[in-house]
Amino acid sequence: MDLNTELSVARLEAILSTIFYQLNKRMPTTHQISVEHSVLLLLSFLLAAYDPEGQGKISVFVVKMALATLCGGKILDKLRYIFSQIADPKGIIIYSQFDQFLKEVLKLPVTVFEGPSFSYTEQTTRKCFAQQKQVTLNMFLDAFMCDPPTQCLIWLPLMHRLANVENVFHPVECSYCHSQSMMGFRYRCQQCHNYQLCQECFWKGYASGSHSNQHQMKEYTSWKSPAKKLSNALNRSLSCASSGDLLHPLSPDFAEKPLNHAHVLPPRPGNSADGYMLCHSALSTCNTYSGDANDEVKQRKLLARAAPDLLKGKGIQYSFDIGDRLADEHVLIGLYVNLLQKSHT
């Protein structure tokens, strides 16, 4: 579908419903959600962000960028997908597309009243890639993954960090509210001995005793016991690994050639008795199981001759000129495996 195609609200709701229903099927029953409620919330948010005037139209490009940004996938996977939508076939970013991406994605923080910090300006694109003329995938990832990232995009990796620590438990007492444990981020003062704050107290700027908000704090996203810390310290001291780790795994500068799925056999219905009888009778006429069992060449040729009958009514166009060429490839392998499975049952 063309990126400039506009979707109606009804079509967008149908797409979101399909996505949520399919994903919800994969969840355990204890983790399943109310699909209708979730679709309604997301649809309302998207319309508030991208259709405040109520015109009832949102482009495909906007929907793709918004869903790619908001979904719960790994940030590197999401950024690679976004790059694929705004780059040319040679793997070089198209500045006009990147500028459009920034315009649309920065409407998300504006919708939650963060416009003064993260709104779009005409200089935003130039600030991201000030001196690079040709921006590749690795440069694009660096702009988002560096510490700190570009100011207008700093909220995106932070959003993912928040999601990652949402259910992290710290068996530590908060030095301000004296809660016996913490969830989410944990902050430890680098000057005060064993002074630690929970996420809520730190964000609200609370302090007690000799601690001051001016003190440097270290953020923790996990809890490690003293024994675990000692073990990690010993491993680091004994290892020869370099400390200059990459911000992210390097990706090829050029897009990889997509796989050709033209000859992959589509899945057969498991409960199709008629289909099985057709396959069995077709191969029986070819005497597939007769002769020398070790004669693999003969076996392939027999399967190739049987393929036209096997694929009748399956929506696959097959002829003998491609039969010889594909005799040892996916189509015939799939047919043979199906027959072996049926013969054992």
# chains A, B, ... in the order shown; residues from 1 in each chain; ligands from 1

call {"tool": "select_by_dssp", "arguments": {"residues": "range 87-212 of chain A", "states": "helix (DSSP H, G or I)", "output": "PyMOL selection string"}}
result
chain A and resi 95-105+107-111+115-118+124-128+137-145+151-153+155-164+199-203

call {"tool": "closest_residue", "arguments": {"among": "A:Tyr95, A:Trp203, A:Tyr187, A:Tyr21", "to": "Tyr220 in chain A", "atoms": "only C-alpha atoms"}}
result
A:Tyr187

call {"tool": "closest_residue", "arguments": {"among": "A:Ile86, A:Ile75, A:Leu158, A:Leu102", "to": "Tyr120 in chain A", "atoms": "only C-alpha atoms"}}
result
A:Leu102

call {"tool": "atom_distance", "arguments": {"atom1": "CA of Met145 in chain A", "atom2": "CA of Val165 in chain A"}}
result
17.8 Å
